[in-house]
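Written below as structure tokens is the structure these notes are about.
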Amino acid sequence: MMRLLSRKTNNQQQIHQDDATSLDRLADSSSGYGTASASASAHASASPSASGTRSSLHSAFSHYSSMSYCSTSSMPMAHLGFQGARHLHPERLPSAKRDRCVSLRVIDQNYEMIENIRKLATSLKRLDMSNIGIDFIENEVLQNLLKLEKLDISNNDLTEDSLPASMSDLHSLIELQINNNIFNKVPKIIRKLKNLSRLNIGCNQITAIKETVDKLRRLTSLVCDNNQLKEIVKEIPNLRRLEILDASYNVIAEIPKSVKDFRVLKELNVSHNKLLSLPVEIFLLAKLESLNASCNQINRIPSVNIKGKVKRQITVVDLSENHLARFPEYLLLMVDELDISSNKVRKIPSTVFKKLEIRGDMILHLENNPIISPPSEICESGIKAMVQYFTEVKTKSKIYQGLKVLVFGSSGCGKTSLVQTMIDQQSRLADEHDKSIGVDAYWTQLDLDDVTDADSGSVSSLTSVSSNTSNILDLTIWDMSGDPYYRYPHYEFLEQPYLGLLVFNMAEYSNDNFKSMIGNWLDWIISKTNKVYIIIIGAKRDKVRVEPGQTRVQKELEICNDVMMSCQNYIKAYKESIESDIHVIESKPSISKSMSEELQANMIVLKSLEINIYPEIIPVSSFNLNGLDTLQKSIHTMAMNKEYFPGVMKTIPSMWGQVEEYIEDKGNDMQMPVMEWNKYEEVITTKFGMKHLLGNITNYLHEMGKVLWFSQHYILKKYVILRPSWFMDFLKMLLRHDFESTVTFTHDDTFRLMGIGQSQFNRFKSDFVHEGIAERDFMKALWTGLIPTELNTPINMMVQLLVAGFEMAYPIRRTGKDGNWLVAETKAIEEELESYYPKKEHFKVYKSYFRVVVPWENKVSVRPEYVTKEWELLNDRHRVVVHYRFPQYYPPGFFERCIVRAHHPKHELTFLEHWQRGIYGLQVERQIRFLLTFSDRSYNSSQPYSNPEIILDVRHQEEVGLLEIALIWKTLLPLLRDIDSLISQFAGLRIERRTECPLCRMPCFLGEWLTCKEFQSASTKQCPNCQKLVGTPYLVQPREKKSASELLLQLKKTRNIRLMKAQKEEETSIVDQDKGTAAPTDVTKENESKDSTDAGYAGAVASLWRGKKFG
């Protein structure tokens, strides 16, 4: 059980151990005097009284030395440790013992002592010259000590000029203690000690250490307490091997985010400094065991975005005697012992209830805080009483539906800083290292009672401490990366309902870049859902440049007015564009069925279009918090609009809440939190029942961002992702804009542990970065930690979801001596890919794809020369060319998904080439060649696409008659249906379908393949461009009689029905015979008669097919 312990006594001022203890410690064997000794020294030197008592200790030791030895003989006295001995013993020098002397503790520095040290030079490993009152060290003392491993010259009167030149020759030195001297800076000679592992420079007057200590790259322990350091992490950027760092009792004001580079740090002491905050990176250090940041001025602890179950705990975190006002509840999941006593915490949020239950054995110190909720008597009664209190509050309170918030904006506009500032209610400015990769998920609460009209810079609206749950709005915030690269994979997350926060950089805004900063994002959102509910936010208002004669308020108002006016003009132009297309069709003297279809599509888009932008542009500064209250008020206003979000603050059944908690816990416990629907349904209904409500519950959790369940997708609906943040991490391991610079062989041992060598890694990475080819072993290494790697089933499952579900990749194989990549079209894979079809219930077996291609990653920009030459040779062949035009906006990744769909085995295509803008292949049986290309493609973020269109050109590779053009349509039409099916997933996407005239080569015919019956009744149609008559087989699929094979298939089905009927009659007759009734039917003779009839009919059909004519 967790216990609430009484506050331990504050850090007491400790004095140095007595001399005898010091000598015993010094005499430890060479295998045991390492880190433990350094830690003990660090602990001792943490006291501010150590410096003050140096003279008294020296005086006492001198008195002890003179009493014990000096009066006895003129021969020098010392403490010696011999090979194999555990302790030092007093001896006169030179010693008469023949054992090798490895440790020496001197009590003076005179000529005789120097001579005796020189005699021991060949064996001496440890030399202690502490507490002997010297202000310099003779050069001869350290000469020729080639085996010396530890040197202690602490508690003297040394300065930076007191160390001899011979010290630079101590190449075997591992530990050096120069603490409790009067150094103003670290002696430069120390940086020559390249093998130094432990260094104590505490209790001096040092102000900077970068030029010296930072050169000692093998340091594992550094004690620099009781100095005048203003920086610590920035002073030692190269000490990546540090395990112990004591920088207490300095004047350090900041710990930068670069502390994350100290990946093996175990103990960090920054107590008794002038810190105002701690970076989140400290708590994410993988090896950290102890953090002491007590006795500072810390008033805020940033939120840690914990994803899944914490795999390891920090042993102790001491934040006592600071100025904390908010309870850092997330630390309950990360720390075994947490001390936040003597702070200013007033409320402990009810949301800690679950965390307290999970961490029942932790230790929590809360004393000397003005806590009012829970009542003080509850807190004083211990953690068990607090858990019981929160349990009672929870049973009496109701659960209300929250809202998902998606944050958009261009890269570097200030999104991440804004989100983190909103979460923590304190300034958190993200730097380049914090740039969003993919999607980052956060959770917070909006206290509706605290939302005010004020814009004073104070913040209280977003909170997690209120106990009145009826006024708390849960917010799931997804911070979407602004890099254009992610607009393709992020389409999967654009599902209503959600509130959008569209952020732009006020400091860089002008009317000329409205399109890139705001307009393109509106197009992106509208194309997917045709609905927009957003608040437009101007970030970095504190960096806006004010022109002469203009106030900051005037400049901000000017920018906000321009943005709002531009948005209104954008909406007006967008609607007028659709209305113009409608008017063009309506004004024609006659409207064909195809025109009617296009007219209806435009009218549906216009009617369902909803663009709801908050009526004010909100300027915000994450630096000084100006505008944050106004932003929170606008979020409240939009969220509570029942026309936009009718479900917000709707009461949720308590049982649904229990299911939500159970799913959250289960997702956190699973390394790969993905469940097939059948298994998910079985687990939930076994525990809670409510099978008939499970779909509604899961859909509610999906809308809140608590799970991912794409219920409208015929493949993805069969899977539930219990932890969305896991899936976001899963995607960003493979799909990231900086993959080439970030993923390296040496950044960790993952690839080596997976059996991938350097050369193999280079090949895998090169294939993926340039051609998008991902080997299974490569993907498995990338996803280490996210999926179990000891089995193939998990990775096969996830790769198949990428292929068949999210349509981000397609499988391939390598063939031939030249190593060409071809689509994997074997019969086995075709059978496995039956899961593409909606009739299939679920995946029973996961195909083991050894490699796949991610088209979005293909960077081969030039079409192969031989493809161009081969295609030109087919210019005089029969062909059908179809165009898909995007007059308003082209959604990134649409062409790549078309490529994935084209690779489906049902199309029976063989692919010869794949480059960034196209694919080239053939249909062997029909002798058909095809070319699928995307034109006018640009990756410029300001003008992403200019008049884009997808072109599908299909040609017969032989000189054949017009009648054989039907073979072209047999290849073309299934591809067109796949593309049209993909278009249906974009509610706001405007498409123009066109077919090329085979004479003038202009795409001037409407795409009639969706309504082909009208054209099939005519033999020709006049081209609107060249005015010539064009055969309709070039425009739509010709009407043709069924082939012999199709008729035989239909005949076979009819025959099977007859056989089943006859078998049923036979069974009935047997039953009748048992009852004494005769069976009148002779099934065998009847079947023989039917077989002969079927055979004759099949022959007639075959003859008919050989003489077929097009209607």
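So you can find residues: chains in the structure tokens are A, B, ... in the order shown, residues in each start at 1, and ligands are numbered from 1 in order.
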What parts of region 529-757 of chain A does DSSP call strand (DSSP E)? I'd like the answer as a ChimeraX atom specification. /A:531-539,610-613,618-619,651-652,674-676,719-721
Keeping C-alpha atoms, export the residues of the selection given above as a CSV table (one decimal), in the first residue's frame.
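Generated file (out.csv):
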chain,number,residue,atom,x,y,z
A,531,LYS,CA,-17.1,21.1,-43.1
A,532,VAL,CA,-15.0,23.6,-41.2
A,533,TYR,CA,-15.3,24.5,-37.6
A,534,ILE,CA,-12.2,26.5,-36.7
A,535,ILE,CA,-10.7,29.3,-34.7
A,536,ILE,CA,-7.9,31.2,-36.5
A,537,ILE,CA,-5.1,32.2,-34.1
A,538,GLY,CA,-2.2,34.6,-34.7
A,539,ALA,CA,0.8,33.3,-32.8
A,610,GLU,CA,-20.2,24.4,-44.0
A,611,ILE,CA,-17.4,26.9,-43.3
A,612,ASN,CA,-17.8,28.2,-39.7
A,613,ILE,CA,-14.9,30.4,-38.6
A,618,ILE,CA,-7.2,35.7,-31.8
A,619,PRO,CA,-3.7,37.1,-31.4
A,651,THR,CA,-24.3,13.1,-20.1
A,652,ILE,CA,-22.5,9.8,-20.8
A,674,VAL,CA,-4.3,-3.3,-31.7
A,675,MET,CA,-7.2,-5.7,-31.5
A,676,GLU,CA,-9.3,-7.4,-34.1
A,719,TYR,CA,-9.7,-3.4,-36.1
A,720,VAL,CA,-9.6,-1.2,-33.0
A,721,ILE,CA,-6.5,0.8,-32.0
Requested in this report: Excluding Glu243 (chain A) and any residue of its chain fewer than 5 positions from it, enumerate the residues within 10 Å of it, using only C-alpha atoms, and give them as a ChimeraX atom specification.
Outcome: /A:35,219-222,262-268,287-289
Which residues are close to Tyr644 (chain A), i.e. within 10 Å by only C-alpha atoms, leaving aside same-chain residues fewer than 2 positions away? Reply as a VMD selection string. chain A and resid 497 to 499 532 to 533 610 612 638 to 642 646 to 648
Keeping only all heavy atoms, write those residues as a compact mmCIF listing (two decimals), in the first residue's frame.
# COMPACT_ATOMS: atom_id res chain seq x y z
N PRO A 497 -16.65 14.65 -35.54
CA PRO A 497 -16.58 16.07 -35.15
C PRO A 497 -15.24 16.43 -34.51
O PRO A 497 -14.67 15.64 -33.77
CB PRO A 497 -17.70 16.18 -34.12
CG PRO A 497 -17.76 14.83 -33.49
CD PRO A 497 -17.39 13.83 -34.54
N TYR A 498 -14.76 17.62 -34.80
CA TYR A 498 -13.59 18.17 -34.14
C TYR A 498 -13.60 19.68 -34.30
O TYR A 498 -14.19 20.22 -35.24
CB TYR A 498 -12.29 17.58 -34.70
CG TYR A 498 -11.99 17.98 -36.12
CD1 TYR A 498 -11.34 19.18 -36.40
CD2 TYR A 498 -12.35 17.18 -37.19
CE1 TYR A 498 -11.06 19.57 -37.70
CE2 TYR A 498 -12.08 17.54 -38.50
CZ TYR A 498 -11.44 18.74 -38.75
OH TYR A 498 -11.17 19.13 -40.03
N LEU A 499 -12.96 20.35 -33.37
CA LEU A 499 -12.75 21.79 -33.45
C LEU A 499 -11.32 22.02 -33.92
O LEU A 499 -10.38 21.48 -33.35
CB LEU A 499 -12.98 22.45 -32.10
CG LEU A 499 -12.62 23.95 -32.00
CD1 LEU A 499 -13.49 24.77 -32.94
CD2 LEU A 499 -12.76 24.44 -30.56
N VAL A 532 -16.06 22.88 -41.93
CA VAL A 532 -14.97 23.55 -41.22
C VAL A 532 -15.54 24.22 -39.98
O VAL A 532 -16.46 25.03 -40.08
CB VAL A 532 -14.28 24.61 -42.12
CG1 VAL A 532 -13.21 25.34 -41.34
CG2 VAL A 532 -13.68 23.95 -43.35
N TYR A 533 -14.99 23.86 -38.83
CA TYR A 533 -15.30 24.55 -37.57
C TYR A 533 -13.95 24.92 -36.94
O TYR A 533 -13.31 24.07 -36.30
CB TYR A 533 -16.09 23.65 -36.62
CG TYR A 533 -17.34 23.06 -37.25
CD1 TYR A 533 -17.35 21.74 -37.70
CD2 TYR A 533 -18.50 23.80 -37.39
CE1 TYR A 533 -18.48 21.19 -38.27
CE2 TYR A 533 -19.64 23.27 -37.96
CZ TYR A 533 -19.62 21.95 -38.41
OH TYR A 533 -20.75 21.42 -38.98
N GLU A 610 -20.04 23.62 -45.24
CA GLU A 610 -20.19 24.39 -44.00
C GLU A 610 -18.83 24.94 -43.60
O GLU A 610 -17.94 24.18 -43.22
CB GLU A 610 -20.75 23.52 -42.88
CG GLU A 610 -22.17 23.01 -43.10
CD GLU A 610 -22.68 22.23 -41.90
OE1 GLU A 610 -22.24 22.54 -40.77
OE2 GLU A 610 -23.48 21.31 -42.10
N ASN A 612 -17.45 27.41 -40.92
CA ASN A 612 -17.78 28.18 -39.72
C ASN A 612 -16.49 28.60 -39.04
O ASN A 612 -15.81 27.79 -38.40
CB ASN A 612 -18.63 27.34 -38.77
CG ASN A 612 -19.96 26.91 -39.41
OD1 ASN A 612 -20.87 27.70 -39.56
ND2 ASN A 612 -20.02 25.64 -39.80
N MET A 638 -17.15 28.13 -29.08
CA MET A 638 -17.34 27.20 -30.20
C MET A 638 -17.78 25.82 -29.71
O MET A 638 -18.67 25.19 -30.30
CB MET A 638 -16.04 27.08 -31.00
CG MET A 638 -15.64 28.34 -31.75
SD MET A 638 -16.67 28.67 -33.19
CE MET A 638 -16.04 27.45 -34.35
N ALA A 639 -17.17 25.35 -28.62
CA ALA A 639 -17.48 24.01 -28.13
C ALA A 639 -18.92 23.89 -27.66
O ALA A 639 -19.56 22.84 -27.82
CB ALA A 639 -16.52 23.63 -27.01
N MET A 640 -19.45 24.96 -27.07
CA MET A 640 -20.79 24.91 -26.50
C MET A 640 -21.87 25.26 -27.52
O MET A 640 -23.06 25.31 -27.18
CB MET A 640 -20.89 25.86 -25.31
CG MET A 640 -19.94 25.52 -24.17
SD MET A 640 -20.08 23.81 -23.60
CE MET A 640 -21.74 23.82 -22.95
N ASN A 641 -21.50 25.48 -28.77
CA ASN A 641 -22.48 25.74 -29.82
C ASN A 641 -23.12 24.42 -30.23
O ASN A 641 -22.49 23.59 -30.89
CB ASN A 641 -21.79 26.41 -31.01
CG ASN A 641 -22.78 26.91 -32.05
OD1 ASN A 641 -23.76 26.26 -32.36
ND2 ASN A 641 -22.50 28.09 -32.60
N LYS A 642 -24.36 24.21 -29.87
CA LYS A 642 -25.03 22.95 -30.11
C LYS A 642 -25.28 22.69 -31.59
O LYS A 642 -25.46 21.54 -32.00
CB LYS A 642 -26.37 22.91 -29.35
CG LYS A 642 -26.20 22.94 -27.85
CD LYS A 642 -25.34 21.78 -27.35
CE LYS A 642 -25.15 21.81 -25.85
NZ LYS A 642 -24.25 20.72 -25.38
N PRO A 646 -23.34 19.10 -31.17
CA PRO A 646 -24.51 18.79 -30.33
C PRO A 646 -24.21 17.82 -29.20
O PRO A 646 -24.95 17.78 -28.22
CB PRO A 646 -25.50 18.18 -31.34
CG PRO A 646 -24.66 17.71 -32.48
CD PRO A 646 -23.52 18.66 -32.57
N GLY A 647 -23.13 17.05 -29.31
CA GLY A 647 -22.85 16.05 -28.28
C GLY A 647 -22.02 16.55 -27.12
O GLY A 647 -21.92 15.87 -26.09
N VAL A 648 -21.41 17.75 -27.24
CA VAL A 648 -20.52 18.24 -26.19
C VAL A 648 -21.29 18.50 -24.91
O VAL A 648 -22.38 19.08 -24.91
CB VAL A 648 -19.80 19.52 -26.66
CG1 VAL A 648 -19.05 20.18 -25.51
CG2 VAL A 648 -18.83 19.19 -27.79
Quiz item: Of the candidates A:Ser481, A:Thr744, A:Ser376, A:Ser984, which one gets nearest to Val407 (chain A) if we count only C-alpha atoms?
Solution: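 The closest residue to Val407 (chain A) is A:Ser481.
Distances to Pro724 (chain A) were evaluated for A:Trp521, A:Glu664, A:Ala781, A:Arg487 using only C-alpha atoms, and the minimum falls at A:Glu664.
With distances restricted to only C-alpha atoms, A:Phe806 is the closest residue to Phe710 (chain A) from A:Tyr509, A:Phe806, A:His583, A:Gly414.
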Quick one: residues within 12 Å of Pro489 (chain A), only C-alpha atoms, excluding same-chain residues fewer than 4 positions away - as a PDB file with N, CA and C atoms, in the first residue's frame?
ATOM      1  N   ILE A 437       6.663  15.979 -35.105  1.00  0.00           N
ATOM      2  CA  ILE A 437       6.845  14.937 -36.110  1.00  0.00           C
ATOM      3  C   ILE A 437       5.553  14.135 -36.127  1.00  0.00           C
ATOM      4  N   GLY A 438       4.828  14.195 -37.216  1.00  0.00           N
ATOM      5  CA  GLY A 438       3.550  13.495 -37.260  1.00  0.00           C
ATOM      6  C   GLY A 438       2.523  14.201 -36.394  1.00  0.00           C
ATOM      7  N   VAL A 439       1.951  13.454 -35.453  1.00  0.00           N
ATOM      8  CA  VAL A 439       0.914  13.974 -34.566  1.00  0.00           C
ATOM      9  C   VAL A 439       1.317  13.697 -33.124  1.00  0.00           C
ATOM     10  N   MET A 480      -0.875  18.678 -34.932  1.00  0.00           N
ATOM     11  CA  MET A 480      -0.532  18.136 -36.245  1.00  0.00           C
ATOM     12  C   MET A 480       0.689  18.865 -36.801  1.00  0.00           C
ATOM     13  N   SER A 481       1.663  18.116 -37.235  1.00  0.00           N
ATOM     14  CA  SER A 481       2.868  18.733 -37.796  1.00  0.00           C
ATOM     15  C   SER A 481       2.519  19.588 -39.002  1.00  0.00           C
ATOM     16  N   ASP A 483       4.639  20.454 -41.432  1.00  0.00           N
ATOM     17  CA  ASP A 483       5.423  20.178 -42.629  1.00  0.00           C
ATOM     18  C   ASP A 483       4.510  19.620 -43.721  1.00  0.00           C
ATOM     19  N   PRO A 484       4.624  20.134 -44.966  1.00  0.00           N
ATOM     20  CA  PRO A 484       3.746  19.652 -46.053  1.00  0.00           C
ATOM     21  C   PRO A 484       3.799  18.147 -46.253  1.00  0.00           C
ATOM     22  N   TYR A 485       4.883  17.522 -45.850  1.00  0.00           N
ATOM     23  CA  TYR A 485       5.035  16.078 -46.016  1.00  0.00           C
ATOM     24  C   TYR A 485       3.896  15.310 -45.356  1.00  0.00           C
ATOM     25  N   PHE A 493      -6.865  11.314 -40.029  1.00  0.00           N
ATOM     26  CA  PHE A 493      -7.331  11.841 -38.748  1.00  0.00           C
ATOM     27  C   PHE A 493      -8.355  12.964 -38.904  1.00  0.00           C
ATOM     28  N   LEU A 494      -8.640  13.355 -40.153  1.00  0.00           N
ATOM     29  CA  LEU A 494      -9.594  14.443 -40.375  1.00  0.00           C
ATOM     30  C   LEU A 494     -11.006  13.879 -40.430  1.00  0.00           C
ATOM     31  N   PHE A 727      -0.284   4.572 -32.292  1.00  0.00           N
ATOM     32  CA  PHE A 727      -0.360   4.507 -33.747  1.00  0.00           C
ATOM     33  C   PHE A 727       0.335   5.706 -34.382  1.00  0.00           C
ATOM     34  N   MET A 728       0.241   6.861 -33.748  1.00  0.00           N
ATOM     35  CA  MET A 728       0.934   8.035 -34.265  1.00  0.00           C
ATOM     36  C   MET A 728       2.440   7.827 -34.217  1.00  0.00           C
ATOM     37  N   PHE A 730       3.860   4.894 -34.305  1.00  0.00           N
ATOM     38  CA  PHE A 730       4.093   3.832 -35.283  1.00  0.00           C
ATOM     39  C   PHE A 730       4.289   4.425 -36.679  1.00  0.00           C
ATOM     40  N   LEU A 731       3.419   5.365 -37.042  1.00  0.00           N
ATOM     41  CA  LEU A 731       3.528   5.977 -38.363  1.00  0.00           C
ATOM     42  C   LEU A 731       4.781   6.829 -38.489  1.00  0.00           C
ATOM     43  N   LYS A 732       5.099   7.604 -37.445  1.00  0.00           N
ATOM     44  CA  LYS A 732       6.217   8.537 -37.561  1.00  0.00           C
ATOM     45  C   LYS A 732       7.567   7.829 -37.573  1.00  0.00           C
ATOM     46  N   LEU A 734       8.187   5.426 -39.582  1.00  0.00           N
ATOM     47  CA  LEU A 734       8.413   5.120 -40.991  1.00  0.00           C
ATOM     48  C   LEU A 734       8.203   6.335 -41.882  1.00  0.00           C
ATOM     49  N   LEU A 735       7.180   7.115 -41.572  1.00  0.00           N
ATOM     50  CA  LEU A 735       6.835   8.267 -42.407  1.00  0.00           C
ATOM     51  C   LEU A 735       7.208   9.552 -41.678  1.00  0.00           C
ATOM     52  N   ARG A 736       8.353  10.087 -41.990  1.00  0.00           N
ATOM     53  CA  ARG A 736       8.784  11.339 -41.388  1.00  0.00           C
ATOM     54  C   ARG A 736       9.609  12.119 -42.396  1.00  0.00           C
ATOM     55  N   HIS A 737       9.463  13.428 -42.353  1.00  0.00           N
ATOM     56  CA  HIS A 737      10.085  14.281 -43.360  1.00  0.00           C
ATOM     57  C   HIS A 737      11.601  14.292 -43.263  1.00  0.00           C
ATOM     58  N   LEU A 802      -1.217  -1.419 -43.386  1.00  0.00           N
ATOM     59  CA  LEU A 802      -0.714  -0.322 -44.200  1.00  0.00           C
ATOM     60  C   LEU A 802      -1.037  -0.531 -45.675  1.00  0.00           C
ATOM     61  N   PHE A 806      -4.900   1.178 -44.885  1.00  0.00           N
ATOM     62  CA  PHE A 806      -4.599   2.599 -45.080  1.00  0.00           C
ATOM     63  C   PHE A 806      -4.096   2.919 -46.482  1.00  0.00           C
ATOM     64  N   GLU A 807      -3.830   1.881 -47.278  1.00  0.00           N
ATOM     65  CA  GLU A 807      -3.422   2.051 -48.678  1.00  0.00           C
ATOM     66  C   GLU A 807      -2.225   2.972 -48.806  1.00  0.00           C
ATOM     67  N   MET A 808      -1.218   2.740 -47.962  1.00  0.00           N
ATOM     68  CA  MET A 808      -0.006   3.536 -48.002  1.00  0.00           C
ATOM     69  C   MET A 808       1.146   2.811 -48.681  1.00  0.00           C
ATOM     70  N   ALA A 809       0.964   1.521 -48.997  1.00  0.00           N
ATOM     71  CA  ALA A 809       2.063   0.749 -49.567  1.00  0.00           C
ATOM     72  C   ALA A 809       1.496  -0.407 -50.376  1.00  0.00           C
ATOM     73  N   VAL A 854       6.416   2.209 -50.451  1.00  0.00           N
ATOM     74  CA  VAL A 854       5.604   3.329 -49.982  1.00  0.00           C
ATOM     75  C   VAL A 854       5.709   4.418 -51.045  1.00  0.00           C
ATOM     76  N   PRO A 855       4.700   4.556 -51.920  1.00  0.00           N
ATOM     77  CA  PRO A 855       4.818   5.517 -53.034  1.00  0.00           C
ATOM     78  C   PRO A 855       5.107   6.945 -52.596  1.00  0.00           C
ATOM     79  N   TRP A 856       4.616   7.341 -51.434  1.00  0.00           N
ATOM     80  CA  TRP A 856       4.832   8.702 -50.952  1.00  0.00           C
ATOM     81  C   TRP A 856       6.314   8.994 -50.756  1.00  0.00           C
ATOM     82  N   GLU A 857       7.127   7.939 -50.566  1.00  0.00           N
ATOM     83  CA  GLU A 857       8.559   8.111 -50.331  1.00  0.00           C
ATOM     84  C   GLU A 857       9.386   8.030 -51.616  1.00  0.00           C
ATOM     85  N   PRO A 891      -5.736  16.972 -53.190  1.00  0.00           N
ATOM     86  CA  PRO A 891      -5.322  16.465 -51.872  1.00  0.00           C
ATOM     87  C   PRO A 891      -4.012  15.693 -51.960  1.00  0.00           C
ATOM     88  N   PRO A 892      -2.996  16.093 -51.226  1.00  0.00           N
ATOM     89  CA  PRO A 892      -1.705  15.386 -51.280  1.00  0.00           C
ATOM     90  C   PRO A 892      -1.877  13.895 -50.984  1.00  0.00           C
ATOM     91  N   GLY A 893      -1.169  13.082 -51.763  1.00  0.00           N
ATOM     92  CA  GLY A 893      -1.208  11.641 -51.555  1.00  0.00           C
ATOM     93  C   GLY A 893      -2.303  10.931 -52.322  1.00  0.00           C
ATOM     94  N   PHE A 894      -3.182  11.681 -53.011  1.00  0.00           N
ATOM     95  CA  PHE A 894      -4.271  11.035 -53.749  1.00  0.00           C
ATOM     96  C   PHE A 894      -3.714  10.155 -54.865  1.00  0.00           C
ATOM     97  N   GLU A 896      -0.783   8.787 -55.000  1.00  0.00           N
ATOM     98  CA  GLU A 896      -0.083   7.645 -54.401  1.00  0.00           C
ATOM     99  C   GLU A 896      -1.057   6.541 -54.013  1.00  0.00           C
ATOM    100  N   ARG A 897      -2.228   6.920 -53.533  1.00  0.00           N
ATOM    101  CA  ARG A 897      -3.238   5.911 -53.199  1.00  0.00           C
ATOM    102  C   ARG A 897      -3.796   5.260 -54.461  1.00  0.00           C
TER     103      ARG A 897
END
Name the residues of region 850-909 of chain A that come out as alpha helix (DSSP H) in a backbone DSSP run; write them as a PyMOL selection string.
chain A and resi 865-873+894-902
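Nearest-residue note for Arg723 (chain A): choosing from A:Leu931, A:Ile979, A:Ala441, A:Val882, the minimum distance belongs to A:Ala441, counting only C-alpha atoms.
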**OP:** Would you please work out which residue, of A:Leu1059, A:Ile348, A:Val880, A:Val683, is nearest to Arg994 (chain A) when using only C-alpha atoms?
**Re:**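 The shortest atom-to-atom distance to Arg994 (chain A) comes from A:Val880.
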* Asked: Within 6 Å of Leu319 (chain A), counting only C-alpha atoms, which residues qualify if same-chain residues fewer than 4 places away don't, as a PyMOL selection string?
  -> chain A and resi 293-294+339-340
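Picture a line from CA of Asn269 (chain A) to CA of Asn369 (chain A); it runs 23.1 Å.
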- Selection near region 765-777 of chain A, 7 Å with only C-alpha atoms, sequence-local residues under 3 positions removed, as a PyMOL selection string: chain A and resi 740+761-762+780-781+849-855+857-860
* Asked: If you count only C-alpha atoms, which residues fall within 10 Å of Leu146 (chain A), apart from same-chain ones fewer than 2 positions away, as JSON, numbers by chain?
  -> {"A": [121, 122, 123, 124, 125, 142, 143, 144, 148, 149, 169, 170, 171, 172, 173]}
Kindly export the residues of the current selection with C-alpha atoms, as an mmCIF file, in the first residue's frame.
data_model
loop_
_atom_site.group_PDB
_atom_site.id
_atom_site.type_symbol
_atom_site.label_atom_id
_atom_site.label_comp_id
_atom_site.auth_asym_id
_atom_site.auth_seq_id
_atom_site.Cartn_x
_atom_site.Cartn_y
_atom_site.Cartn_z
ATOM 1 C CA ALA A 121 56.535 5.662 -8.303
ATOM 2 C CA THR A 122 56.591 2.272 -10.041
ATOM 3 C CA SER A 123 53.759 0.800 -7.937
ATOM 4 C CA LEU A 124 51.790 3.745 -6.510
ATOM 5 C CA LYS A 125 48.124 3.886 -7.618
ATOM 6 C CA LEU A 142 53.976 13.828 -9.438
ATOM 7 C CA GLN A 143 56.867 12.940 -11.691
ATOM 8 C CA ASN A 144 56.965 9.406 -13.083
ATOM 9 C CA LEU A 148 48.644 6.624 -10.477
ATOM 10 C CA GLU A 149 44.858 6.199 -10.719
ATOM 11 C CA ASP A 169 51.808 13.126 -17.503
ATOM 12 C CA LEU A 170 49.333 11.281 -15.274
ATOM 13 C CA HIS A 171 47.788 9.402 -18.182
ATOM 14 C CA SER A 172 46.448 6.611 -15.959
ATOM 15 C CA LEU A 173 44.618 8.965 -13.615
#
